[in-house]
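The structure file model.cif is reproduced below (mmCIF, C-alpha atoms).
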```cif
data_structure
loop_
_atom_site.label_atom_id
_atom_site.label_comp_id
_atom_site.auth_asym_id
_atom_site.auth_seq_id
_atom_site.Cartn_x
_atom_site.Cartn_y
_atom_site.Cartn_z
CA MET A 1 -0.92 39.69 51.35
CA ASN A 2 -4.00 38.27 53.06
CA ILE A 3 -4.03 36.03 56.12
CA THR A 4 -4.51 32.87 54.04
CA ASN A 5 -1.26 33.42 52.21
CA PHE A 6 0.49 34.35 55.45
CA MET A 7 -0.50 30.99 56.92
CA ARG A 8 0.72 29.19 53.82
CA ILE A 9 4.08 30.93 54.01
CA ALA A 10 4.50 30.00 57.65
CA ALA A 11 3.54 26.38 57.05
CA ARG A 12 5.62 25.44 53.95
CA PRO A 13 7.81 27.23 55.39
CA PHE A 14 8.24 29.45 52.33
CA CYS A 15 5.58 30.22 49.75
CA TYR A 16 5.77 33.06 47.27
CA ALA A 17 2.03 33.64 46.97
CA GLY A 18 1.34 37.36 46.79
CA LEU A 19 4.92 38.55 47.29
CA ILE A 20 5.38 41.80 45.37
CA SER A 21 8.68 43.03 43.96
CA GLY A 22 10.96 44.13 46.77
CA LEU A 23 8.81 42.70 49.61
CA LEU A 24 10.86 40.93 52.32
CA PHE A 25 9.58 38.36 54.84
CA GLY A 26 11.11 37.07 58.08
CA THR A 27 14.73 36.53 58.95
CA ASN A 28 15.42 34.59 55.74
CA ALA A 29 14.47 37.64 53.68
CA MET A 30 13.53 36.88 50.09
CA ALA A 31 12.47 39.36 47.43
CA LEU A 32 10.46 38.33 44.40
CA THR A 33 10.74 40.29 41.17
CA VAL A 34 8.86 39.51 38.01
CA THR A 35 9.58 40.43 34.38
CA SER A 36 8.20 39.32 31.03
CA SER A 37 8.99 39.24 27.33
CA GLY A 38 6.08 41.61 26.67
CA SER A 39 2.43 42.29 27.45
CA ASP A 40 -0.73 43.81 26.06
CA GLY A 41 -0.90 46.28 28.96
CA ASN A 42 -1.84 43.57 31.47
CA VAL A 43 1.56 43.50 33.17
CA ALA A 44 3.60 40.73 34.78
CA ALA A 45 3.19 42.09 38.33
CA ASN A 46 -0.51 41.25 38.14
CA THR A 47 0.34 37.57 38.64
CA ILE A 48 1.56 38.19 42.21
CA ASP A 49 -1.08 40.64 43.47
CA ASN A 50 -3.39 38.03 45.05
CA ASN A 51 -6.19 38.98 42.67
CA LEU A 52 -7.66 36.53 40.17
CA ASN A 53 -9.38 39.42 38.40
CA THR A 54 -6.08 40.84 37.14
CA ARG A 55 -3.74 39.14 34.71
CA TRP A 56 -0.57 39.14 32.62
CA SER A 57 -1.24 38.59 28.92
CA ALA A 58 0.98 38.40 25.83
CA ASN A 59 0.27 37.27 22.28
CA GLY A 60 2.50 34.76 20.52
CA ILE A 61 4.13 31.37 20.89
CA GLY A 62 7.22 31.68 23.09
CA GLN A 63 6.14 34.69 25.16
CA TRP A 64 7.38 34.27 28.74
CA ILE A 65 7.11 35.54 32.30
CA GLN A 66 10.07 35.17 34.66
CA TYR A 67 10.33 35.24 38.46
CA ASP A 68 13.54 36.03 40.35
CA LEU A 69 13.30 34.51 43.84
CA GLY A 70 16.13 36.68 45.17
CA GLY A 71 18.20 33.63 46.15
CA THR A 72 18.59 29.96 45.30
CA TYR A 73 15.99 27.66 46.85
CA THR A 74 14.62 24.17 46.24
CA VAL A 75 11.52 24.74 44.13
CA ASP A 76 8.87 22.15 44.95
CA ASP A 77 5.81 23.06 42.88
CA LEU A 78 3.90 25.88 41.22
CA SER A 79 0.26 26.90 41.49
CA ILE A 80 -1.00 28.72 38.38
CA ALA A 81 -4.35 30.23 37.43
CA PHE A 82 -5.20 30.85 33.77
CA TYR A 83 -7.29 33.66 32.32
CA LYS A 84 -10.39 32.17 30.66
CA GLY A 85 -9.34 28.89 32.20
CA THR A 86 -12.85 27.47 31.97
CA GLU A 87 -13.05 28.11 28.21
CA ARG A 88 -9.83 26.67 26.82
CA TYR A 89 -6.73 24.62 27.58
CA ALA A 90 -3.37 26.41 27.67
CA THR A 91 -0.01 24.80 26.91
CA ILE A 92 2.95 26.02 28.92
CA GLU A 93 6.58 25.18 29.56
CA ILE A 94 8.21 25.72 32.96
CA GLN A 95 11.96 26.24 33.13
CA VAL A 96 14.21 26.83 36.15
CA SER A 97 17.76 28.14 36.51
CA THR A 98 20.22 29.15 39.19
CA ASP A 99 21.98 31.75 37.05
CA LYS A 100 19.88 32.43 33.89
CA LYS A 101 22.58 30.61 31.91
CA TYR A 102 21.81 26.93 32.56
CA TRP A 103 18.08 26.28 32.14
CA THR A 104 16.19 23.07 32.85
CA THR A 105 12.73 22.29 31.52
CA VAL A 106 10.79 20.74 34.42
CA PHE A 107 7.35 20.74 32.80
CA TYR A 108 5.92 20.93 29.31
CA GLY A 109 2.26 20.30 28.72
CA VAL A 110 -1.37 21.32 29.05
CA GLN A 111 -3.10 22.76 32.11
CA PRO A 112 -4.66 19.88 34.08
CA SER A 113 -8.30 21.01 33.94
CA LYS A 114 -10.63 23.77 32.76
CA THR A 115 -10.97 26.13 35.74
CA ASN A 116 -10.30 29.75 36.66
CA SER A 117 -8.87 28.64 40.02
CA GLN A 118 -5.20 27.95 40.59
CA GLN A 119 -3.95 24.53 39.49
CA ASN A 120 -0.99 22.66 40.92
CA PHE A 121 2.06 21.79 38.82
CA ASN A 122 4.13 19.34 40.84
CA ILE A 123 7.69 19.24 39.54
CA THR A 124 10.87 17.42 40.51
CA ASP A 125 12.42 19.30 43.45
CA THR A 126 15.06 21.47 41.79
CA ALA A 127 17.49 24.12 43.01
CA ALA A 128 16.62 27.39 41.33
CA ARG A 129 16.67 31.15 41.66
CA TYR A 130 14.82 31.90 38.43
CA VAL A 131 11.53 30.38 37.30
CA LYS A 132 10.26 31.02 33.77
CA ILE A 133 6.83 30.15 32.36
CA ILE A 134 6.70 30.07 28.55
CA GLY A 135 3.46 30.15 26.61
CA HIS A 136 2.83 27.75 23.73
CA GLY A 137 -0.68 28.90 22.87
CA ASN A 138 -4.04 27.47 23.84
CA THR A 139 -6.88 25.62 22.16
CA SER A 140 -8.34 28.91 20.89
CA ASN A 141 -5.33 31.06 19.90
CA ASN A 142 -1.65 31.82 20.58
CA TRP A 143 -2.18 33.99 23.67
CA VAL A 144 -0.65 33.20 27.04
CA SER A 145 -2.57 34.74 29.93
CA LEU A 146 -2.04 34.03 33.64
CA THR A 147 -3.96 35.57 36.53
CA GLU A 148 -1.99 34.30 39.53
CA VAL A 149 1.22 32.34 40.14
CA ASP A 150 2.55 30.86 43.40
CA ILE A 151 6.05 29.35 43.54
CA ASN A 152 6.53 27.04 46.51
CA THR A 153 9.91 26.11 48.01
CA LEU A 154 10.98 23.50 50.53
CA GLY A 155 12.93 25.71 52.91
CA GLY A 156 16.00 27.85 53.37
CA THR A 157 18.71 28.88 51.00
CA VAL A 158 20.45 26.10 49.08
CA SER A 159 24.20 25.88 49.74
CA SER A 160 26.61 27.55 47.35
CA ALA A 161 27.81 24.12 46.22
CA SER A 162 24.29 23.27 45.12
CA SER A 163 24.21 26.39 42.96
CA SER A 164 27.29 25.40 40.99
CA SER A 165 27.27 24.28 37.38
CA SER A 166 27.72 20.68 38.50
CA SER A 167 24.44 20.91 40.40
CA VAL A 168 22.72 22.21 37.31
CA LYS A 169 23.98 19.24 35.35
CA SER A 170 22.49 16.95 37.95
CA SER A 171 19.16 18.75 37.81
CA SER A 172 19.11 18.53 34.04
CA SER A 173 19.69 14.81 34.18
CA SER A 174 16.92 14.37 36.72
CA SER A 175 14.35 16.32 34.78
CA SER A 176 15.20 14.48 31.60
CA SER A 177 13.50 11.37 32.90
CA SER A 178 10.22 13.08 33.76
CA THR A 179 7.19 12.37 31.59
CA ALA A 180 6.02 14.88 29.00
CA THR A 181 2.32 15.60 29.16
CA GLY A 182 1.57 16.68 25.61
CA GLY A 183 1.03 20.02 23.92
CA SER A 184 1.97 21.89 20.80
CA ILE A 185 5.34 21.67 19.11
CA PRO A 186 7.55 24.37 20.70
CA ALA A 187 7.98 27.54 18.65
CA ALA A 188 11.76 27.11 18.79
CA ILE A 189 11.51 23.91 16.76
CA TYR A 190 9.93 25.84 13.89
CA SER A 191 12.41 28.73 14.11
CA ASN A 192 15.65 26.88 14.94
CA PHE A 193 15.46 23.90 12.58
CA GLU A 194 15.27 23.29 8.84
CA ALA A 195 14.06 20.16 7.08
CA GLU A 196 16.02 17.71 4.98
CA GLY A 197 13.11 16.70 2.78
CA SER A 198 9.57 18.04 2.95
CA SER A 199 8.05 19.49 6.11
CA PRO A 200 7.49 16.76 8.74
CA TYR A 201 4.79 18.74 10.57
CA VAL A 202 1.49 16.90 10.18
CA ASN A 203 -0.31 19.01 12.80
CA GLY A 204 0.53 21.32 15.67
CA SER A 205 1.53 18.53 18.02
CA SER A 206 3.41 15.85 16.07
CA MET A 207 5.98 15.29 13.32
CA VAL A 208 6.32 12.35 10.94
CA PHE A 209 9.62 11.44 9.26
CA GLN A 210 9.58 9.02 6.30
CA ALA A 211 12.98 8.26 4.83
CA LEU A 212 11.63 5.82 2.23
CA VAL A 213 9.36 8.55 0.89
CA GLU A 214 11.69 11.56 0.98
CA LYS A 215 14.87 9.67 -0.07
CA VAL A 216 17.18 12.56 0.88
CA VAL A 217 20.85 11.77 0.38
CA THR A 218 23.95 13.66 1.51
CA SER A 219 27.63 13.35 0.73
CA ASN A 220 29.27 10.57 2.74
CA GLY A 221 25.83 9.47 3.96
CA ASN A 222 24.94 5.85 4.66
CA GLY A 223 21.31 5.90 3.62
CA TRP A 224 18.18 7.88 2.87
CA ARG A 225 17.03 10.37 5.42
CA HIS A 226 14.21 12.69 6.45
CA GLU A 227 15.30 14.92 9.35
CA LEU A 228 15.20 18.33 10.98
CA LYS A 229 18.59 19.92 11.61
CA LEU A 230 19.68 23.03 13.49
CA ILE A 231 20.06 26.06 11.21
CA LYS A 232 23.61 27.13 10.40
CA ASP A 233 23.42 30.47 12.24
CA LEU A 234 23.01 28.64 15.57
CA ARG A 235 25.74 26.04 15.18
CA GLN A 236 28.67 26.16 17.57
CA GLY A 237 30.87 23.94 19.72
CA MET A 238 29.19 21.54 22.11
CA THR A 239 30.85 23.31 25.06
CA LYS A 240 29.30 26.66 24.13
CA ASN A 241 25.60 26.02 24.61
CA TYR A 242 22.90 24.26 26.60
CA GLU A 243 20.30 22.34 24.62
CA TYR A 244 17.44 20.11 25.77
CA PHE A 245 15.27 17.89 23.59
CA LYS A 246 12.54 15.48 24.59
CA ALA A 247 9.96 13.56 22.57
CA ASP A 248 7.81 10.47 22.53
CA VAL A 249 9.24 8.48 19.61
CA LYS A 250 7.08 5.94 17.75
CA VAL A 251 8.94 3.74 15.29
CA ASP A 252 7.37 1.73 12.45
CA LEU A 253 10.19 -0.24 10.87
CA SER A 254 10.59 -3.49 8.93
CA LYS A 255 12.41 -6.42 10.51
CA GLY A 256 16.15 -6.06 10.03
CA GLY A 257 15.85 -2.29 9.76
CA LYS A 258 18.14 0.23 11.39
CA LEU A 259 17.80 3.99 11.75
CA ILE A 260 19.14 6.95 13.69
CA ALA A 261 16.41 8.91 15.49
CA LEU A 262 18.62 11.65 16.94
CA GLN A 263 22.20 12.77 16.58
CA TYR A 264 24.66 15.53 17.33
CA HIS A 265 26.67 16.11 14.18
CA ALA A 266 30.15 17.62 14.08
CA GLU A 267 31.06 20.54 11.82
CA ASP A 268 32.64 18.10 9.35
CA THR A 269 31.27 14.70 8.33
CA GLY A 270 31.83 13.21 11.79
CA THR A 271 29.22 12.56 14.43
CA ILE A 272 29.33 13.06 18.20
CA VAL A 273 26.15 11.40 19.53
CA LYS A 274 23.80 8.97 17.75
CA VAL A 275 20.65 7.29 19.05
CA TYR A 276 19.90 4.09 17.09
CA VAL A 277 16.87 1.84 16.69
CA SER A 278 18.21 -1.39 15.21
CA ASP A 279 17.20 -5.00 14.53
CA SER A 280 20.71 -6.27 13.77
CA ASP A 281 23.24 -8.68 15.22
CA GLU A 282 25.55 -5.98 16.56
CA SER A 283 26.83 -7.25 19.89
CA GLY A 284 26.70 -5.63 23.30
CA PHE A 285 23.03 -4.68 23.50
CA ILE A 286 19.94 -6.11 25.17
CA ASN A 287 18.77 -8.28 22.26
CA SER A 288 21.43 -8.18 19.50
CA VAL A 289 19.54 -10.69 17.33
CA ALA A 290 19.13 -9.82 13.66
CA LYS A 291 15.73 -9.73 11.95
CA ASP A 292 13.66 -11.05 14.86
CA GLY A 293 11.47 -7.94 15.10
CA ILE A 294 12.96 -6.79 18.40
CA PHE A 295 14.76 -3.48 17.99
CA ASP A 296 17.59 -2.44 20.28
CA VAL A 297 17.57 1.25 21.22
CA TYR A 298 21.08 2.41 22.05
CA VAL A 299 23.35 5.43 21.95
CA ARG A 300 26.85 5.91 20.63
CA MET A 301 28.94 8.80 21.99
CA LEU A 302 32.35 10.16 21.01
CA PRO A 303 34.21 11.03 24.23
CA ALA A 304 36.06 14.31 24.73
CA SER A 305 39.00 12.32 26.06
CA GLY A 306 39.57 10.83 22.62
CA GLY A 307 39.43 7.32 21.25
CA SER A 308 36.59 5.51 19.56
CA GLU A 309 32.83 5.80 20.11
CA GLN A 310 31.39 4.36 23.29
CA LYS A 311 28.07 2.56 23.06
CA TYR A 312 25.34 2.09 25.67
CA ALA A 313 22.16 0.00 25.59
CA LEU A 314 18.94 1.75 26.61
CA GLY A 315 16.06 -0.66 25.87
CA THR A 316 14.11 -2.54 23.22
CA ILE A 317 10.88 -2.02 21.27
CA LYS A 318 8.86 -3.74 18.56
CA THR A 319 7.63 -2.00 15.44
CA GLY A 320 4.73 0.33 16.16
CA GLU A 321 5.79 0.87 19.77
CA SER A 322 6.91 4.14 21.37
CA PHE A 323 9.51 5.26 23.88
CA THR A 324 10.32 8.60 25.51
CA LEU A 325 13.72 9.95 24.50
CA THR A 326 15.54 12.87 26.09
CA SER A 327 18.87 14.41 25.15
CA THR A 328 20.57 17.20 27.08
CA ASN A 329 23.78 18.92 26.05
CA ASN A 330 24.97 20.76 29.16
CA TYR A 331 27.91 22.72 27.73
CA GLY A 332 29.69 19.67 26.38
CA THR A 333 28.36 17.05 28.77
CA VAL A 334 25.60 15.07 27.10
CA THR A 335 22.93 13.00 28.86
CA VAL A 336 20.75 10.66 26.81
CA ALA A 337 17.87 8.90 28.56
CA ALA A 338 15.15 6.39 27.65
CA PHE A 339 13.40 3.41 29.30
CA GLY A 340 14.35 4.72 32.74
CA LYS A 341 18.07 4.55 31.89
CA SER A 342 20.47 7.40 31.18
CA LYS A 343 24.06 7.86 30.12
CA THR A 344 26.10 11.01 30.72
CA LEU A 345 29.43 11.67 29.02
CA ALA A 346 31.69 14.63 28.27
CA VAL A 347 31.77 14.47 24.48
CA SER A 348 33.97 15.71 21.67
CA ASP A 349 33.45 19.40 20.89
CA GLY A 350 32.86 19.01 17.15
CA GLY A 351 33.38 22.61 16.01
CA ALA A 352 30.15 24.11 14.67
CA SER A 353 28.13 21.12 15.87
CA TYR A 354 24.39 20.76 15.56
CA LEU A 355 21.42 18.68 16.67
CA LYS A 356 19.48 16.58 14.14
CA PHE A 357 16.48 14.33 14.70
CA GLY A 358 14.01 12.35 12.64
CA ASN A 359 14.67 9.28 10.49
CA TYR A 360 18.10 8.50 9.06
CA LEU A 361 17.72 5.02 7.56
CA GLN A 362 20.99 3.10 7.58
CA SER A 363 22.06 0.86 4.71
CA GLN A 364 23.95 -1.77 6.68
CA ASP A 365 23.27 -5.46 6.33
CA PRO A 366 21.49 -6.57 9.54
CA VAL A 367 23.91 -9.50 9.67
CA GLY A 368 27.49 -8.28 9.66
CA SER A 369 28.53 -4.77 8.65
CA ALA A 370 28.49 -4.71 4.84
CA LYS A 371 27.29 -1.39 3.43
CA CYS A 372 25.55 -0.57 0.18
CA SER A 373 26.15 2.22 -2.30
CA ASP A 374 22.79 1.71 -4.02
CA PHE A 375 20.34 2.42 -1.20
CA ALA A 376 17.19 1.41 -3.10
CA ALA A 377 18.69 -1.96 -4.01
CA CYS A 378 20.01 -2.39 -0.49
CA TYR A 379 16.64 -1.83 1.18
CA ALA A 380 14.92 -4.09 -1.36
CA LYS A 381 17.45 -6.85 -0.71
CA PHE A 382 16.95 -6.74 3.04
CA GLY A 383 13.17 -6.29 2.90
CA ILE A 384 13.06 -2.76 4.30
CA THR A 385 9.64 -1.59 3.09
CA THR A 386 8.52 0.40 6.15
CA ALA A 387 10.50 3.15 7.88
CA LYS A 388 8.50 5.83 9.69
CA VAL A 389 9.29 7.80 12.84
CA THR A 390 6.59 9.84 14.59
CA MET A 391 7.55 12.31 17.30
CA SER A 392 5.03 13.89 19.67
CA ASN A 393 4.92 15.48 23.14
CA VAL A 394 8.01 17.42 22.08
CA SER A 395 9.93 19.72 24.43
CA TYR A 396 12.88 21.85 23.36
CA SER A 397 15.00 24.62 24.82
CA ARG A 398 18.37 26.12 23.96
CA LYS A 399 20.59 28.65 25.71
#
```
For the file at hand, write its structure as structure tokens.
Amino acid sequence: MNITNFMRIAARPFCYAGLISGLLFGTNAMALTVTSSGSDGNVAANTIDNNLNTRWSANGIGQWIQYDLGGTYTVDDLSIAFYKGTERYATIEIQVSTDKKYWTTVFYGVQPSKTNSQQNFNITDTAARYVKIIGHGNTSNNWVSLTEVDINTLGGTVSSASSSSSSVKSSSSSSSSSTATGGSIPAAIYSNFEAEGSSPYVNGSSMVFQALVEKVVTSNGNGWRHELKLIKDLRQGMTKNYEYFKADVKVDLSKGGKLIALQYHAEDTGTIVKVYVSDSDESGFINSVAKDGIFDVYVRMLPASGGSEQKYALGTIKTGESFTLTSTNNYGTVTVAAFGKSKTLAVSDGGASYLKFGNYLQSQDPVGSAKCSDFAACYAKFGITTAKVTMSNVSYSRK
């Protein structure tokens, strides 16, 4: 550790620059250990040796490096230097956890600038013991390669109450409203989901779902769909996993149209959470006027306590506009956020439940609630000629 880093540690008052595994500092002793999913011989410890000429490198989308801070602290920001940082842009995801069970994505995106020097990643202050950096490739290849990483905290040990699962739920909700900064589609989307219809991937950074083109139908369905759904091997009760999804959602939809952009589906034909974009006269939302070209964005949730679905207004858009949508299932407690609003509810378990997202075009009359059995005739009758959902700036994690 050189004198520059010593001064930084004293001033913050804690900075992990240059701390090597097992090294303790001051009366609030903290030990930093670092591990990784793999390497090419350039090992993880090279990122904390105060030397920009050494590095950790691993090939493949999803390769990660993880830092154990030795205790739970409020993580303020990270300073990261990238190998060949002047030649290419790297895409990374930063996750934090207090126990390696509940993980929160606090950043997903591209390095700010082309430089070999360390770059600051300012994140929402979050209680964490573990910090994980996941590689999502770069503009040249799928390698992730970091030369130096500093993890800065705001002070002493966080209280035991702040390290509880309830604190993690709060952190997840907070991070859900942060802005995504772009990047490639996460590798876990490709591996964890299967398409209903043809592949929606138009490039490495966005997905397009067109229900009127794919015309996928399912038993007991209420319209054509084009979606990605979680593969069967990963499906389980809502209370048994943590799952985070975030995307910028652009909707092109005819007046009077209605679709579901994201849902948690139960093991049977029931649904647990549904995020709608709708130009109908259904009451209780911000606009609730049918066929005026203003689409209400709202969520319906089935509570764990029983009873009927609860519905919550989030915002409004016009066709061609976008909004940022986040959904977090924190072991049975779901938070859905958009337009600066969020709703959190303990939801029904649903058996082997699963996340779906894309474009599920509903067949309801925009005035009233009459449903159609002939979807083509229904859409023609109500003038639904455009129905496209584009998702970009996607973040996804599951534990």
Selection near Arg225 in chain A, 6 Å with all atoms listed in the file, sequence-local residues under 5 positions removed, as an mmCIF file with C-alpha atoms, in the coordinates of the input:
```cif
data_model
loop_
_atom_site.group_PDB
_atom_site.id
_atom_site.type_symbol
_atom_site.label_atom_id
_atom_site.label_comp_id
_atom_site.auth_asym_id
_atom_site.auth_seq_id
_atom_site.Cartn_x
_atom_site.Cartn_y
_atom_site.Cartn_z
ATOM 1 C CA ALA A 211 12.980 8.260 4.830
ATOM 2 C CA LYS A 215 14.870 9.670 -0.070
ATOM 3 C CA VAL A 216 17.180 12.560 0.880
ATOM 4 C CA ASN A 359 14.670 9.280 10.490
ATOM 5 C CA TYR A 360 18.100 8.500 9.060
ATOM 6 C CA LEU A 361 17.720 5.020 7.560
#
```
Draw an axis-aligned box tight on the listed atoms of range 349-355 of chain A, then pad every side by 6 Å and write out centre and edge lengths in Å to one decimal as AutoDock Vina command-line options.
```
--center_x 27.4 --center_y 21.4 --center_z 17.8 --size_x 24.0 --size_y 17.4 --size_z 18.2
```
Cut-off 9 Å: closest range 97-165 of chain A/range 234-255 of chain A atom pairs per residue, using all atoms listed in the file, as a tab-separated table:
```
residue	atom	partner	partner_atom	distance
A:Lys101	CA	A:Tyr242	CA	8.3
A:Tyr102	CA	A:Tyr242	CA	6.6
A:Trp103	CA	A:Tyr242	CA	7.6
A:Thr104	CA	A:Tyr244	CA	7.8
A:Thr105	CA	A:Tyr244	CA	7.7
```
- Item | All residues 6 Å or closer to range 198-208 of chain A, all atoms listed in the file, same chain fewer than 6 positions away omitted, as a list in words | Ser184, Ile185, Val389, Thr390, Met391 and Ser392 of chain A
The selected residues should be written to file as a tab-separated table (two decimals), in the frame of the given file (atoms: C-alpha atoms).
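Result written to out-v8.tsv:
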```tsv
chain	number	residue	atom	x	y	z
A	184	SER	CA	1.97	21.89	20.80
A	185	ILE	CA	5.34	21.67	19.11
A	389	VAL	CA	9.29	7.80	12.84
A	390	THR	CA	6.59	9.84	14.59
A	391	MET	CA	7.55	12.31	17.30
A	392	SER	CA	5.03	13.89	19.67
```
Contacts of Val96 in chain A at 12 Å (all atoms listed in the file; same-chain gap of 2+ positions) as a short mmCIF file (atom, residue, chain, number, x, y, z; two decimals) with C-alpha atoms, keeping the file's coordinate frame:
```
data_model
loop_
_atom_site.label_atom_id
_atom_site.label_comp_id
_atom_site.auth_asym_id
_atom_site.auth_seq_id
_atom_site.Cartn_x
_atom_site.Cartn_y
_atom_site.Cartn_z
CA ILE A 65 7.11 35.54 32.30
CA GLN A 66 10.07 35.17 34.66
CA TYR A 67 10.33 35.24 38.46
CA ASP A 68 13.54 36.03 40.35
CA LEU A 69 13.30 34.51 43.84
CA THR A 72 18.59 29.96 45.30
CA TYR A 73 15.99 27.66 46.85
CA THR A 74 14.62 24.17 46.24
CA VAL A 75 11.52 24.74 44.13
CA ASP A 76 8.87 22.15 44.95
CA ASP A 77 5.81 23.06 42.88
CA LEU A 78 3.90 25.88 41.22
CA GLU A 93 6.58 25.18 29.56
CA ILE A 94 8.21 25.72 32.96
CA THR A 98 20.22 29.15 39.19
CA ASP A 99 21.98 31.75 37.05
CA LYS A 100 19.88 32.43 33.89
CA LYS A 101 22.58 30.61 31.91
CA TYR A 102 21.81 26.93 32.56
CA TRP A 103 18.08 26.28 32.14
CA THR A 104 16.19 23.07 32.85
CA THR A 105 12.73 22.29 31.52
CA VAL A 106 10.79 20.74 34.42
CA PHE A 107 7.35 20.74 32.80
CA ILE A 123 7.69 19.24 39.54
CA THR A 124 10.87 17.42 40.51
CA ASP A 125 12.42 19.30 43.45
CA THR A 126 15.06 21.47 41.79
CA ALA A 127 17.49 24.12 43.01
CA ALA A 128 16.62 27.39 41.33
CA ARG A 129 16.67 31.15 41.66
CA TYR A 130 14.82 31.90 38.43
CA VAL A 131 11.53 30.38 37.30
CA LYS A 132 10.26 31.02 33.77
CA ILE A 133 6.83 30.15 32.36
CA ILE A 134 6.70 30.07 28.55
CA ILE A 151 6.05 29.35 43.54
CA VAL A 168 22.72 22.21 37.31
CA SER A 171 19.16 18.75 37.81
CA SER A 172 19.11 18.53 34.04
CA SER A 175 14.35 16.32 34.78
CA SER A 397 15.00 24.62 24.82
#
```
Please, could N, CA and C atoms be added to range 85-98 of chain A and the result written as a PDB file, in the coordinates of the input?
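As written to disk, out.pdb reads:
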```pdb
ATOM      1  N   GLY A  85      -9.712  30.282  31.971  1.00  0.00           N
ATOM      2  CA  GLY A  85      -9.340  28.890  32.200  1.00  0.00           C
ATOM      3  C   GLY A  85     -10.465  27.904  32.059  1.00  0.00           C
ATOM      4  N   THR A  86     -11.717  28.372  32.138  1.00  0.00           N
ATOM      5  CA  THR A  86     -12.850  27.470  31.970  1.00  0.00           C
ATOM      6  C   THR A  86     -13.250  27.292  30.506  1.00  0.00           C
ATOM      7  N   GLU A  87     -12.641  28.104  29.619  1.00  0.00           N
ATOM      8  CA  GLU A  87     -13.050  28.110  28.210  1.00  0.00           C
ATOM      9  C   GLU A  87     -12.071  27.389  27.288  1.00  0.00           C
ATOM     10  N   ARG A  88     -10.839  27.192  27.729  1.00  0.00           N
ATOM     11  CA  ARG A  88      -9.830  26.670  26.820  1.00  0.00           C
ATOM     12  C   ARG A  88      -8.701  26.027  27.637  1.00  0.00           C
ATOM     13  N   TYR A  89      -7.899  25.226  26.964  1.00  0.00           N
ATOM     14  CA  TYR A  89      -6.730  24.620  27.580  1.00  0.00           C
ATOM     15  C   TYR A  89      -5.469  25.339  27.081  1.00  0.00           C
ATOM     16  N   ALA A  90      -4.627  25.756  28.013  1.00  0.00           N
ATOM     17  CA  ALA A  90      -3.370  26.410  27.670  1.00  0.00           C
ATOM     18  C   ALA A  90      -2.217  25.418  27.754  1.00  0.00           C
ATOM     19  N   THR A  91      -1.238  25.589  26.879  1.00  0.00           N
ATOM     20  CA  THR A  91      -0.010  24.800  26.910  1.00  0.00           C
ATOM     21  C   THR A  91       1.131  25.687  27.381  1.00  0.00           C
ATOM     22  N   ILE A  92       1.842  25.232  28.394  1.00  0.00           N
ATOM     23  CA  ILE A  92       2.950  26.020  28.920  1.00  0.00           C
ATOM     24  C   ILE A  92       4.188  25.148  29.091  1.00  0.00           C
ATOM     25  N   GLU A  93       5.320  25.816  29.221  1.00  0.00           N
ATOM     26  CA  GLU A  93       6.580  25.180  29.560  1.00  0.00           C
ATOM     27  C   GLU A  93       7.132  25.888  30.781  1.00  0.00           C
ATOM     28  N   ILE A  94       7.612  25.138  31.759  1.00  0.00           N
ATOM     29  CA  ILE A  94       8.210  25.720  32.960  1.00  0.00           C
ATOM     30  C   ILE A  94       9.691  25.387  32.961  1.00  0.00           C
ATOM     31  N   GLN A  95      10.520  26.421  33.056  1.00  0.00           N
ATOM     32  CA  GLN A  95      11.960  26.240  33.130  1.00  0.00           C
ATOM     33  C   GLN A  95      12.486  26.861  34.425  1.00  0.00           C
ATOM     34  N   VAL A  96      13.579  26.289  34.956  1.00  0.00           N
ATOM     35  CA  VAL A  96      14.210  26.830  36.150  1.00  0.00           C
ATOM     36  C   VAL A  96      15.707  26.974  35.921  1.00  0.00           C
ATOM     37  N   SER A  97      16.327  27.885  36.667  1.00  0.00           N
ATOM     38  CA  SER A  97      17.760  28.140  36.510  1.00  0.00           C
ATOM     39  C   SER A  97      18.303  28.726  37.815  1.00  0.00           C
ATOM     40  N   THR A  98      19.563  28.496  38.064  1.00  0.00           N
ATOM     41  CA  THR A  98      20.220  29.150  39.190  1.00  0.00           C
ATOM     42  C   THR A  98      20.914  30.449  38.782  1.00  0.00           C
TER      43      THR A  98
END
```
